[in-house]
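File shown: data-v7.cif (mmCIF, C-alpha atoms and all ligand atoms).
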```cif
data_start
loop_
_atom_site.label_atom_id
_atom_site.label_comp_id
_atom_site.auth_asym_id
_atom_site.auth_seq_id
_atom_site.Cartn_x
_atom_site.Cartn_y
_atom_site.Cartn_z
CA MET K 12 -2.24 -18.80 -10.69
CA PHE K 13 -2.03 -20.68 -7.39
CA ASP K 14 -3.82 -23.93 -6.65
CA LEU K 15 -4.43 -23.12 -2.98
CA PRO K 16 -5.49 -26.61 -1.76
CA ALA K 17 -2.42 -28.12 -3.44
CA LEU K 18 -0.23 -25.39 -1.97
CA ARG K 19 -1.57 -26.06 1.53
CA THR K 20 -1.00 -29.79 1.13
CA SER K 21 2.58 -29.36 -0.02
CA LEU K 22 3.34 -26.92 2.82
CA ALA K 23 1.77 -29.27 5.37
CA GLU K 24 4.28 -31.97 4.37
CA LYS K 25 7.05 -29.78 5.75
CA TYR K 26 5.41 -27.64 8.43
CA ASP K 27 2.92 -28.38 11.18
CA LEU K 28 0.06 -26.21 9.96
CA SER K 29 -2.97 -27.84 11.60
CA PRO K 30 -5.29 -25.36 13.31
CA SER K 31 -4.22 -25.23 16.94
CA PRO K 32 -6.11 -23.54 19.80
CA GLU K 33 -3.07 -24.31 22.03
CA LEU K 34 -0.67 -22.49 19.73
CA ALA K 35 -3.21 -19.70 19.31
CA GLU K 36 -3.21 -19.30 23.10
CA GLU K 37 0.60 -19.42 23.24
CA MET K 38 0.75 -16.62 20.67
CA SER K 39 -1.97 -14.53 22.27
CA ASP K 40 0.35 -11.48 22.48
CA ILE K 41 0.12 -11.23 18.67
CA TYR K 42 -3.59 -12.00 18.67
CA GLN K 43 -4.30 -9.11 21.04
CA LYS K 44 -3.40 -6.73 18.20
CA MET K 45 -6.27 -8.01 16.05
CA SER K 46 -8.78 -9.56 18.46
CA ARG K 47 -11.48 -7.02 17.54
CA VAL K 48 -11.49 -8.08 13.90
CA VAL K 49 -10.21 -11.69 13.77
CA THR K 50 -12.23 -14.46 15.45
CA PRO K 51 -10.46 -16.91 17.82
CA ALA K 52 -11.31 -19.73 15.39
CA ASP K 53 -9.60 -17.93 12.53
CA TRP K 54 -6.61 -17.13 14.71
CA ALA K 55 -6.24 -20.84 15.50
CA ILE K 56 -5.91 -21.39 11.73
CA TYR K 57 -3.48 -18.51 11.20
CA ALA K 58 -1.23 -19.07 14.23
CA PRO K 59 0.72 -22.09 12.83
CA TYR K 60 1.44 -20.15 9.62
CA VAL K 61 2.51 -17.06 11.54
CA LYS K 62 4.85 -19.18 13.68
CA ALA K 63 6.36 -20.98 10.66
CA ILE K 64 6.89 -17.74 8.72
CA ASN K 65 8.46 -15.94 11.66
CA GLN K 66 10.88 -18.84 12.24
CA LEU K 67 11.78 -18.99 8.57
CA LYS K 68 12.40 -15.24 8.50
CA THR K 69 15.05 -15.66 11.21
CA GLU K 70 16.66 -18.63 9.45
CA ARG K 71 16.83 -16.80 6.12
CA ASN K 72 17.66 -13.34 7.52
CA ALA K 73 14.52 -11.94 5.89
CA VAL K 74 12.25 -9.03 6.76
CA VAL K 75 8.62 -8.57 5.81
CA LEU K 76 7.53 -5.11 4.67
CA GLY K 77 3.75 -4.95 5.03
CA HIS K 78 1.53 -2.32 3.46
CA ASN K 79 -1.33 -0.84 5.47
CA TYR K 80 -3.82 -2.69 3.20
CA MET K 81 -2.60 -6.16 4.17
CA THR K 82 -5.01 -8.35 6.11
CA PRO K 83 -4.59 -8.16 9.93
CA GLU K 84 -2.89 -11.56 10.25
CA ILE K 85 -0.20 -10.41 7.81
CA TYR K 86 -0.02 -6.85 9.11
CA HIS K 87 0.21 -7.77 12.80
CA GLY K 88 1.36 -11.38 12.57
CA ILE K 89 4.39 -11.41 10.30
CA SER K 90 5.30 -7.85 9.24
CA ASP K 91 8.52 -6.41 10.63
CA PHE K 92 7.67 -2.98 9.30
CA VAL K 93 4.30 -1.63 8.24
CA GLY K 94 3.37 1.62 6.58
CA ASP K 95 2.30 3.52 3.50
CA SER K 96 4.10 3.44 0.16
CA LEU K 97 6.56 6.16 1.16
CA GLN K 98 7.41 4.60 4.52
CA LEU K 99 7.96 1.17 2.94
CA ALA K 100 10.20 2.63 0.21
CA MET K 101 12.26 4.40 2.89
CA LYS K 102 12.48 1.19 4.90
CA ALA K 103 13.72 -0.72 1.84
CA THR K 104 16.81 1.54 1.83
CA GLU K 105 17.45 1.01 5.56
CA VAL K 106 16.93 -2.69 6.35
CA GLU K 107 20.01 -4.87 6.62
CA ALA K 108 18.42 -8.26 5.94
CA ASP K 109 19.42 -10.35 2.92
CA ILE K 110 15.82 -10.82 1.83
CA ILE K 111 12.84 -8.48 1.67
CA VAL K 112 9.44 -10.14 1.48
CA GLN K 113 7.09 -7.51 0.08
CA CYS K 114 3.60 -7.92 1.42
CA GLY K 115 1.88 -5.45 -0.83
CA VAL K 116 1.65 -5.22 -4.58
CA HIS K 117 4.14 -5.68 -7.39
CA PHE K 118 5.14 -2.05 -7.90
CA MET K 119 6.14 -1.87 -4.22
CA ALA K 120 8.39 -4.91 -4.61
CA GLU K 121 9.94 -3.41 -7.73
CA THR K 122 10.59 -0.17 -5.83
CA SER K 123 12.35 -2.16 -3.09
CA LYS K 124 14.45 -4.00 -5.69
CA VAL K 125 15.33 -0.75 -7.46
CA LEU K 126 16.46 0.76 -4.15
CA SER K 127 18.24 -2.37 -2.89
CA PRO K 128 19.44 -4.27 -5.96
CA GLU K 129 21.82 -6.39 -3.87
CA LYS K 130 18.94 -7.85 -1.86
CA ILE K 131 16.59 -10.65 -2.84
CA VAL K 132 13.07 -9.22 -3.03
CA LEU K 133 10.27 -11.77 -2.85
CA MET K 134 6.76 -11.12 -4.11
CA PRO K 135 4.47 -13.87 -2.72
CA ASP K 136 2.11 -13.55 -5.69
CA MET K 137 3.35 -12.01 -8.92
CA GLU K 138 -0.26 -11.34 -9.94
CA ALA K 139 -0.70 -8.75 -7.18
CA GLY K 140 -0.80 -5.83 -9.62
CA CYS K 141 -2.43 -2.42 -9.49
CA SER K 142 -4.90 -0.73 -11.85
CA LEU K 143 -2.83 2.47 -11.71
CA ALA K 144 0.46 0.75 -12.54
CA GLU K 145 -1.25 -1.05 -15.42
CA SER K 146 -2.72 2.15 -16.85
CA ILE K 147 0.50 3.64 -18.23
CA THR K 148 3.70 2.57 -20.00
CA ALA K 149 6.95 4.41 -20.73
CA GLU K 150 5.43 5.29 -24.15
CA GLY K 151 2.62 7.05 -22.31
CA ILE K 152 5.18 9.19 -20.49
CA GLU K 153 6.81 10.08 -23.81
CA GLU K 154 3.39 10.98 -25.22
CA MET K 155 2.80 13.38 -22.31
CA ARG K 156 6.24 14.92 -22.81
CA ARG K 157 5.37 15.54 -26.49
CA ARG K 158 2.06 17.13 -25.49
CA TYR K 159 3.65 19.37 -22.84
CA PRO K 160 7.23 20.07 -23.98
CA GLY K 161 9.60 20.97 -21.18
CA ALA K 162 7.19 20.05 -18.37
CA PRO K 163 8.69 17.75 -15.70
CA VAL K 164 7.04 14.38 -15.15
CA VAL K 165 6.06 13.38 -11.61
CA SER K 166 5.00 9.74 -11.50
CA TYR K 167 3.18 8.17 -8.61
CA VAL K 168 5.10 5.23 -7.12
CA ASN K 169 2.16 3.11 -8.29
CA THR K 170 3.97 2.58 -11.61
CA THR K 171 6.34 0.03 -13.14
CA ALA K 172 10.10 0.52 -13.00
CA GLU K 173 10.05 1.36 -16.76
CA VAL K 174 7.63 4.21 -16.12
CA LYS K 175 9.66 5.46 -13.17
CA ALA K 176 12.78 5.32 -15.36
CA ALA K 177 11.06 7.54 -17.93
CA SER K 178 9.97 10.06 -15.25
CA ASP K 179 11.84 12.92 -13.57
CA ILE K 180 10.75 12.26 -10.01
CA CYS K 181 8.27 10.05 -8.15
CA CYS K 182 5.73 10.91 -5.50
CA THR K 183 3.38 9.10 -3.16
CA SER K 184 0.10 10.27 -1.71
CA SER K 185 2.07 11.35 1.40
CA ASN K 186 4.29 13.80 -0.38
CA ALA K 187 2.64 14.66 -3.75
CA GLU K 188 1.74 18.22 -2.80
CA GLN K 189 5.16 18.98 -1.38
CA ILE K 190 6.97 17.48 -4.38
CA ILE K 191 4.83 19.44 -6.83
CA SER K 192 5.29 22.68 -4.84
CA ALA K 193 9.06 22.20 -4.74
CA LEU K 194 9.47 21.79 -8.51
CA ASP K 195 10.78 24.80 -10.38
CA ALA K 196 8.23 24.65 -13.22
CA GLU K 197 4.81 26.10 -13.86
CA THR K 198 3.35 23.23 -15.86
CA ILE K 199 3.85 19.80 -14.31
CA ILE K 200 2.79 16.41 -15.67
CA MET K 201 1.40 14.01 -13.07
CA THR K 202 0.92 10.35 -13.93
CA PRO K 203 -0.92 8.05 -13.77
CA ASP K 204 -3.59 8.92 -11.18
CA GLN K 205 -5.94 11.58 -12.54
CA TYR K 206 -7.67 11.96 -9.17
CA LEU K 207 -4.55 12.35 -7.08
CA ALA K 208 -3.43 14.96 -9.66
CA GLN K 209 -6.75 16.82 -9.42
CA ASN K 210 -6.69 16.73 -5.62
CA VAL K 211 -3.15 18.11 -5.60
CA ALA K 212 -4.10 20.74 -8.21
CA ARG K 213 -6.81 22.07 -5.92
CA ASN K 214 -4.35 22.53 -3.07
CA VAL K 215 -1.46 23.86 -5.16
CA PRO K 216 -3.28 26.35 -7.42
CA GLU K 217 -0.08 28.16 -8.42
CA LYS K 218 0.93 25.17 -10.60
CA ASN K 219 -0.64 24.12 -13.88
CA ILE K 220 -0.98 20.38 -13.32
CA VAL K 221 -1.83 18.14 -16.27
CA TRP K 222 -2.51 14.46 -15.82
CA TRP K 223 -2.80 10.97 -17.26
CA GLU K 224 -6.26 9.41 -17.08
CA GLY K 225 -5.50 6.44 -14.80
CA SER K 226 -7.43 5.61 -11.65
CA CYS K 227 -7.52 3.21 -8.73
CA ILE K 228 -10.32 0.65 -9.03
CA VAL K 229 -10.83 0.73 -5.26
CA HIS K 230 -11.11 4.47 -4.70
CA GLU K 231 -12.84 5.48 -7.93
CA GLN K 232 -15.95 3.59 -6.83
CA TYR K 233 -16.87 6.10 -4.13
CA THR K 234 -19.15 8.98 -5.03
CA ALA K 235 -19.78 12.29 -3.29
CA GLN K 236 -23.45 11.30 -3.00
CA ASP K 237 -22.40 8.16 -1.03
CA LEU K 238 -20.69 10.43 1.47
CA ARG K 239 -23.61 12.87 1.69
CA ASP K 240 -26.03 9.96 2.24
CA PHE K 241 -23.77 8.46 4.84
CA ARG K 242 -23.49 11.75 6.70
CA GLU K 243 -27.25 12.14 6.72
CA TRP K 244 -27.91 8.58 7.93
CA ASN K 245 -25.04 8.46 10.41
CA PRO K 246 -24.68 11.91 11.91
CA GLY K 247 -21.48 12.53 13.82
CA THR K 248 -19.35 10.13 11.76
CA ARG K 249 -15.99 11.51 10.66
CA LEU K 250 -15.45 10.84 6.92
CA ILE K 251 -11.81 10.28 5.95
CA ALA K 252 -10.86 9.78 2.30
CA HIS K 253 -7.70 8.66 0.51
CA PRO K 254 -6.58 11.16 -2.18
CA GLU K 255 -6.96 8.48 -4.88
CA CYS K 256 -10.71 9.18 -4.53
CA PRO K 257 -12.32 11.58 -7.04
CA PRO K 258 -11.98 15.25 -6.00
CA ASP K 259 -15.69 15.74 -5.24
CA VAL K 260 -15.44 12.79 -2.80
CA VAL K 261 -12.37 14.30 -1.14
CA ALA K 262 -14.15 17.67 -0.97
CA GLU K 263 -17.04 16.03 0.88
CA ALA K 264 -14.73 14.36 3.44
CA ASP K 265 -13.54 15.82 6.75
CA PHE K 266 -9.95 14.81 6.08
CA SER K 267 -7.91 13.36 3.25
CA GLY K 268 -4.51 11.72 3.48
CA SER K 269 -2.34 8.78 2.55
CA THR K 270 -2.86 5.57 4.48
CA SER K 271 -0.36 6.71 7.14
CA GLY K 272 -1.99 10.16 7.10
CA ILE K 273 -5.32 8.45 7.82
CA LEU K 274 -3.79 6.44 10.66
CA ASN K 275 -2.21 9.56 12.20
CA TYR K 276 -5.42 11.54 11.89
CA VAL K 277 -7.61 8.90 13.54
CA THR K 278 -5.03 8.24 16.26
CA LYS K 279 -4.82 11.94 17.10
CA GLU K 280 -8.49 12.86 16.73
CA LYS K 281 -10.03 9.65 18.09
CA PRO K 282 -13.49 10.39 16.65
CA GLU K 283 -16.32 8.41 18.19
CA LYS K 284 -17.27 7.07 14.76
CA ALA K 285 -15.09 7.03 11.64
CA LEU K 286 -15.70 5.99 8.07
CA LEU K 287 -12.47 5.33 6.17
CA ILE K 288 -13.12 5.89 2.47
CA THR K 289 -10.45 3.48 1.35
CA GLU K 290 -9.44 -0.18 1.29
CA CYS K 291 -11.14 -2.40 3.90
CA SER K 292 -8.05 -3.60 5.78
CA MET K 293 -7.05 -0.07 6.74
CA ALA K 294 -9.73 0.11 9.44
CA SER K 295 -9.26 -3.53 10.50
CA ASN K 296 -5.55 -3.02 11.13
CA ILE K 297 -6.01 -0.09 13.48
CA ALA K 298 -9.24 -1.18 15.20
CA ASP K 299 -7.58 -2.84 18.21
CA GLU K 300 -5.18 0.04 18.78
CA LEU K 301 -8.14 2.44 18.90
CA PRO K 302 -10.91 0.74 20.92
CA GLU K 303 -12.61 4.09 21.51
CA VAL K 304 -13.26 4.55 17.77
CA GLU K 305 -16.12 2.76 16.06
CA PHE K 306 -15.16 2.08 12.45
CA VAL K 307 -18.32 2.06 10.41
CA GLY K 308 -18.56 0.68 6.86
CA PRO K 309 -18.75 0.54 3.94
CA CYS K 310 -15.30 -0.10 2.51
CA ASN K 311 -13.91 -1.40 -0.80
CA MET K 312 -11.55 -4.34 -1.15
CA CYS K 313 -8.45 -4.24 -3.38
CA PRO K 314 -8.37 -7.58 -5.23
CA TYR K 315 -4.64 -7.17 -5.85
CA MET K 316 -3.66 -6.56 -2.23
CA LYS K 317 -5.84 -9.47 -1.20
CA LYS K 318 -3.81 -11.87 -3.35
CA ILE K 319 -1.19 -11.87 -0.60
CA THR K 320 -1.97 -14.59 1.93
CA LEU K 321 -0.06 -16.37 4.70
CA GLU K 322 0.15 -19.54 2.59
CA LYS K 323 1.75 -17.70 -0.32
CA VAL K 324 4.21 -15.88 1.95
CA LEU K 325 5.29 -19.16 3.55
CA TYR K 326 5.62 -20.84 0.15
CA SER K 327 7.62 -17.97 -1.30
CA LEU K 328 10.05 -17.83 1.62
CA ASP K 329 10.34 -21.62 1.79
CA THR K 330 11.04 -22.16 -1.90
CA MET K 331 12.50 -18.69 -2.64
CA THR K 332 10.06 -18.32 -5.53
CA GLY K 333 8.70 -14.99 -6.65
CA GLN K 334 12.05 -13.20 -6.85
CA VAL K 335 11.57 -9.77 -8.38
CA GLU K 336 14.05 -8.77 -11.06
CA VAL K 337 14.45 -5.38 -12.70
CA ASP K 338 16.68 -4.84 -15.71
CA PRO K 339 19.79 -3.09 -14.27
CA ALA K 340 19.73 -0.28 -16.87
CA VAL K 341 16.05 0.41 -16.13
CA ALA K 342 16.68 0.12 -12.39
CA GLU K 343 19.46 2.68 -12.52
CA LYS K 344 17.19 5.30 -14.12
CA ALA K 345 14.20 4.40 -11.96
CA ARG K 346 16.39 4.70 -8.86
CA LEU K 347 17.15 8.31 -9.77
CA ALA K 348 13.44 9.21 -9.84
CA VAL K 349 12.68 7.38 -6.58
CA GLN K 350 15.82 8.64 -4.85
CA ARG K 351 14.98 12.25 -5.78
CA MET K 352 11.62 11.75 -4.10
CA LEU K 353 13.17 10.18 -0.99
CA ASP K 354 15.84 12.89 -0.70
CA LEU K 355 13.27 15.64 -1.02
CA SER K 356 10.90 13.93 1.44
CA ARG K 357 13.68 13.50 4.02
CA LYS K 358 14.76 17.12 3.52
CA LEU K 359 11.16 18.25 4.09
CA GLY K 360 10.93 16.02 7.18
CA LEU K 361 8.12 13.87 5.76
P1 LIG W 1 -0.43 4.93 0.36
O1 LIG W 1 -0.25 3.78 1.29
O2 LIG W 1 0.89 5.50 -0.02
O3 LIG W 1 -1.37 5.95 0.88
O4 LIG W 1 -1.03 4.40 -1.01
C1 LIG W 1 -2.10 3.61 -1.09
C2 LIG W 1 -1.99 2.77 -2.29
O5 LIG W 1 -2.21 3.14 -3.37
C3 LIG W 1 -1.55 1.44 -2.11
O6 LIG W 1 -2.26 0.71 -2.96
FE1 LIG W 2 -3.63 -0.14 -6.87
FE2 LIG W 2 -5.82 0.91 -5.82
FE3 LIG W 2 -5.15 -1.57 -5.19
FE4 LIG W 2 -3.69 0.48 -4.29
S1 LIG W 2 -5.78 0.05 -3.78
S2 LIG W 2 -2.92 -1.44 -5.21
S3 LIG W 2 -3.86 1.92 -5.99
S4 LIG W 2 -5.70 -0.85 -7.24
#
```
Starting from the coordinates I provided, produce the structure as structure tokens.
Ligand code: 13P
Ligand code: SF4
Amino acid sequence: MFDLPALRTSLAEKYDLSPSPELAEEMSDIYQKMSRVVTPADWAIYAPYVKAINQLKTERNAVVLGHNYMTPEIYHGISDFVGDSLQLAMKATEVEADIIVQCGVHFMAETSKVLSPEKIVLMPDMEAGCSLAESITAEGIEEMRRRYPGAPVVSYVNTTAEVKAASDICCTSSNAEQIISALDAETIIMTPDQYLAQNVARNVPEKNIVWWEGSCIVHEQYTAQDLRDFREWNPGTRLIAHPECPPDVVAEADFSGSTSGILNYVTKEKPEKALLITECSMASNIADELPEVEFVGPCNMCPYMKKITLEKVLYSLDTMTGQVEVDPAVAEKARLAVQRMLDLSRKLGL
């Protein structure tokens, strides 16, 4: 647990972090990427942190991998690469830096460590978990294998390294359908997201998909009635849902895709009004790039993703705290499952 005022005070002893309209102006090229969603006053507070982190990254030969659900000042201000879970996992195998700072949640940092064990992977807040990753253990995977003997296990990347190590292959919301279709088995176990599994099952009817009963606390809150109401009250709005939403919600939407799928869809279609049925920062991060699109609410916030802040990133990189470790034997097995997914995704051109 962080004591934020104390953290700010200790950082201010080493870095000039006072709000600065002058520095904000100097760094206006970065601000332009978020000016629709971040006020000038807030930018004056963020700018000194962004400057300090970017300098420290160069000194330490570090890169920041930022998930699409990071807040705009992290996404646009300090991230060297941004993307969905699949894109960030691919990037973790490609970057040449000594240090990866994972701006996302813990399972993403573990995936980076599993793929790049020689690198230091920093997690700015170890409490940035995920309700899906917490919903299943390696014993749960064994239980599913006992229930469905011989069926391969496809685990969502939103799992711990132990769970990945106990699985045959991983998937993300970008590639789940393709991975399932490519497996040479009729019955396939998908863990831990019941809704992603049900959404895939609808689109790949030739497979008998069985699932674990986990869910995402952000996406499970939406209901199909919410979408019907919204459509009635806001005619002409394009409804775009993440596949972690329940299947009746996805069925009610105009499009469903991973966070990068959502970005690609909105960029290509440029609807006049769009409602992103997902985490709040998704719309904020693309709002400036797409001035012609009006992003209308409501959205849900992920309390885990929101644990990552500029202060914690600066502290982690300054003190090198929050280093993610994975037991080498577990990492070796987990790497197999993740690597199979990456190889298949690259082969399929995803
Ligand atoms: P993607 O970015 O892969 O769509 O996944 C969203 C997610 O679950 C991150 O929390
Ligand atoms: Fe986990 Fe859902 Fe938060 Fe993603 S949005 S980290 S799936 S709880």
- prompt: Nearest to ligand LIG 1 (chain W): which of K:Asp27, K:Glu255, K:Glu145, K:Asp179 is it, counting all atoms listed in the file?
  reply: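 The shortest atom-to-atom distance to ligand LIG 1 (chain W) comes from K:Glu255.
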Show me which residues are within 9 Å of ligand LIG 2 (chain W) counting all atoms listed in the file, and format the list as a PDB file with C-alpha atoms, in the frame of the given file.
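So the final result, stored in selection-v4.pdb, reads:
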```pdb
ATOM      1  CA  TYR K  80      -3.820  -2.690   3.200  1.00  0.00           C
ATOM      2  CA  GLY K 115       1.880  -5.450  -0.830  1.00  0.00           C
ATOM      3  CA  VAL K 116       1.650  -5.220  -4.580  1.00  0.00           C
ATOM      4  CA  HIS K 117       4.140  -5.680  -7.390  1.00  0.00           C
ATOM      5  CA  PHE K 118       5.140  -2.050  -7.900  1.00  0.00           C
ATOM      6  CA  ALA K 139      -0.700  -8.750  -7.180  1.00  0.00           C
ATOM      7  CA  GLY K 140      -0.800  -5.830  -9.620  1.00  0.00           C
ATOM      8  CA  CYS K 141      -2.430  -2.420  -9.490  1.00  0.00           C
ATOM      9  CA  SER K 142      -4.900  -0.730 -11.850  1.00  0.00           C
ATOM     10  CA  LEU K 143      -2.830   2.470 -11.710  1.00  0.00           C
ATOM     11  CA  ALA K 144       0.460   0.750 -12.540  1.00  0.00           C
ATOM     12  CA  GLU K 145      -1.250  -1.050 -15.420  1.00  0.00           C
ATOM     13  CA  ASN K 169       2.160   3.110  -8.290  1.00  0.00           C
ATOM     14  CA  ASP K 204      -3.590   8.920 -11.180  1.00  0.00           C
ATOM     15  CA  SER K 226      -7.430   5.610 -11.650  1.00  0.00           C
ATOM     16  CA  CYS K 227      -7.520   3.210  -8.730  1.00  0.00           C
ATOM     17  CA  ILE K 228     -10.320   0.650  -9.030  1.00  0.00           C
ATOM     18  CA  VAL K 229     -10.830   0.730  -5.260  1.00  0.00           C
ATOM     19  CA  HIS K 230     -11.110   4.470  -4.700  1.00  0.00           C
ATOM     20  CA  GLU K 231     -12.840   5.480  -7.930  1.00  0.00           C
ATOM     21  CA  GLU K 255      -6.960   8.480  -4.880  1.00  0.00           C
ATOM     22  CA  THR K 289     -10.450   3.480   1.350  1.00  0.00           C
ATOM     23  CA  GLU K 290      -9.440  -0.180   1.290  1.00  0.00           C
ATOM     24  CA  ASN K 311     -13.910  -1.400  -0.800  1.00  0.00           C
ATOM     25  CA  MET K 312     -11.550  -4.340  -1.150  1.00  0.00           C
ATOM     26  CA  CYS K 313      -8.450  -4.240  -3.380  1.00  0.00           C
ATOM     27  CA  PRO K 314      -8.370  -7.580  -5.230  1.00  0.00           C
ATOM     28  CA  TYR K 315      -4.640  -7.170  -5.850  1.00  0.00           C
ATOM     29  CA  MET K 316      -3.660  -6.560  -2.230  1.00  0.00           C
ATOM     30  CA  LYS K 317      -5.840  -9.470  -1.200  1.00  0.00           C
TER      31      LYS K 317
END
```
- prompt: Hey, what's within 12 Å of K:Ala212 if we count all atoms listed in the file and toss same-chain stuff fewer than 3 positions away? As a ChimeraX atom specification, please?
  reply: /K:187-189,191-192,197-201,205-209,215-222,254,258
Find the nearest atom pair between each residue of chain K and ligand LIG 1 (chain W) for residues within 6 Å, count only C-alpha atoms and all ligand atoms, give distances in Å to one decimal, sort rows by chain and ascending number, and present the table as a Markdown table.
```
| residue | atom | partner | partner_atom | distance |
| --- | --- | --- | --- | --- |
| K:Asp95 | CA | W:LIG1 | O1 | 3.4 |
| K:Ser96 | CA | W:LIG1 | O2 | 3.8 |
| K:Leu97 | CA | W:LIG1 | O2 | 5.8 |
| K:Thr183 | CA | W:LIG1 | O2 | 5.4 |
| K:Ser184 | CA | W:LIG1 | O2 | 5.1 |
| K:Ser269 | CA | W:LIG1 | O3 | 3.4 |
| K:Thr270 | CA | W:LIG1 | O3 | 3.9 |
```
field: Test item: residues at most 10 Å from stretch 81-84 of chain K, only C-alpha atoms, excluding those fewer than 2 positions along its chain, as JSON, numbers by chain
entry: {"K": [41, 42, 44, 45, 46, 48, 49, 53, 54, 57, 58, 60, 61, 77, 78, 79, 86, 87, 88, 89, 90, 93, 114, 115, 116, 290, 291, 292, 293, 294, 295, 296, 297, 298, 313, 316, 317, 318, 319, 320, 321]}
- line: The residue from K:Glu107, K:Glu36, K:Asp136, K:Asp195 with the smallest atom-to-atom distance to K:Gly333, counting only C-alpha atoms, is K:Asp136
- request: Could you please give me, as an MDAnalysis selection string, the residues of protein, DNA or RNA lying at most 10 Å from (-2.0, 10.2, 8.2) in the coordinate frame of the file, considering all atoms listed in the file?
  value: chainID K and resid 95 185 253 266:279
query: Between K:Arg249, K:Gly308, K:Pro135, K:Arg351, which one has atoms that come closest to K:Glu280, using all atoms listed in the file?
result: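 Once distances to K:Glu280 are computed over all atoms listed in the file, the minimum belongs to K:Arg249.
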- request: Taking (-17.0, 9.4, -3.5) in the file's own coordinates, collect the residues within 8 Å, counting only C-alpha atoms, and hand them back as a count of residues only.
  value: 16
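Using all atoms listed in the file, the smallest distance between any of K:Val164, K:Ala17, K:Leu328, K:Ile152 and K:Ile131 comes from K:Leu328.
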field: Contacts of K:Ile110 within 10 Å, all atoms listed in the file, excl. fewer than 3 positions in-chain, as a list of chain:residue names
entry: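 Listed by chain and then number, they are K:Lys68, K:Arg71, K:Asn72, K:Ala73, K:Val74, K:Val75, K:Val106, K:Glu107, K:Gln113, K:Ser127, K:Glu129, K:Lys130, K:Ile131, K:Val132, K:Leu133, K:Leu328, K:Met331, K:Gln334.
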query: What is the distance, in Å and to one decimal place, between atom CA of K:Ile147 and atom CA of K:Met352?
result: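 According to the coordinates, atom CA of K:Ile147 and atom CA of K:Met352 are separated by 19.7 Å.
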- request: To one decimal in Å, tell me the separation between atom CA of K:Val337 and atom CA of K:Lys124.
  value: 7.1 Å
How would stretch 77-81 of chain K read, as a tab-separated table (two decimals), keeping the file's coordinate frame, once all heavy atoms are built in?
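Saved to selection-v9.tsv:
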```tsv
chain	number	residue	atom	x	y	z
K	77	GLY	N	5.19	-4.77	5.23
K	77	GLY	CA	3.75	-4.95	5.03
K	77	GLY	C	3.03	-3.62	4.81
K	77	GLY	O	3.15	-2.71	5.64
K	78	HIS	N	2.30	-3.55	3.72
K	78	HIS	CA	1.53	-2.32	3.46
K	78	HIS	C	0.30	-2.26	4.37
K	78	HIS	O	-0.21	-3.29	4.82
K	78	HIS	CB	1.10	-2.25	1.98
K	78	HIS	CG	0.44	-0.94	1.65
K	78	HIS	ND1	-0.93	-0.80	1.61
K	78	HIS	CD2	0.97	0.28	1.40
K	78	HIS	CE1	-1.21	0.47	1.33
K	78	HIS	NE2	-0.08	1.15	1.20
K	79	ASN	N	-0.17	-1.04	4.60
K	79	ASN	CA	-1.33	-0.84	5.47
K	79	ASN	C	-2.60	-1.55	4.98
K	79	ASN	O	-3.55	-1.68	5.74
K	79	ASN	CB	-1.63	0.66	5.58
K	79	ASN	CG	-0.57	1.40	6.38
K	79	ASN	OD1	0.04	0.82	7.26
K	79	ASN	ND2	-0.36	2.68	6.09
K	80	TYR	N	-2.64	-1.99	3.72
K	80	TYR	CA	-3.82	-2.69	3.20
K	80	TYR	C	-3.72	-4.21	3.31
K	80	TYR	O	-4.57	-4.93	2.78
K	80	TYR	CB	-4.05	-2.35	1.72
K	80	TYR	CG	-4.46	-0.93	1.42
K	80	TYR	CD1	-4.32	-0.41	0.14
K	80	TYR	CD2	-5.01	-0.10	2.39
K	80	TYR	CE1	-4.70	0.89	-0.17
K	80	TYR	CE2	-5.39	1.19	2.09
K	80	TYR	CZ	-5.23	1.69	0.81
K	80	TYR	OH	-5.61	2.96	0.51
K	81	MET	N	-2.67	-4.71	3.98
K	81	MET	CA	-2.60	-6.16	4.17
K	81	MET	C	-3.65	-6.59	5.19
K	81	MET	O	-4.07	-5.80	6.04
K	81	MET	CB	-1.20	-6.54	4.68
K	81	MET	CG	-0.12	-6.44	3.63
K	81	MET	SD	-0.34	-7.63	2.27
K	81	MET	CE	-1.10	-6.66	1.01
```
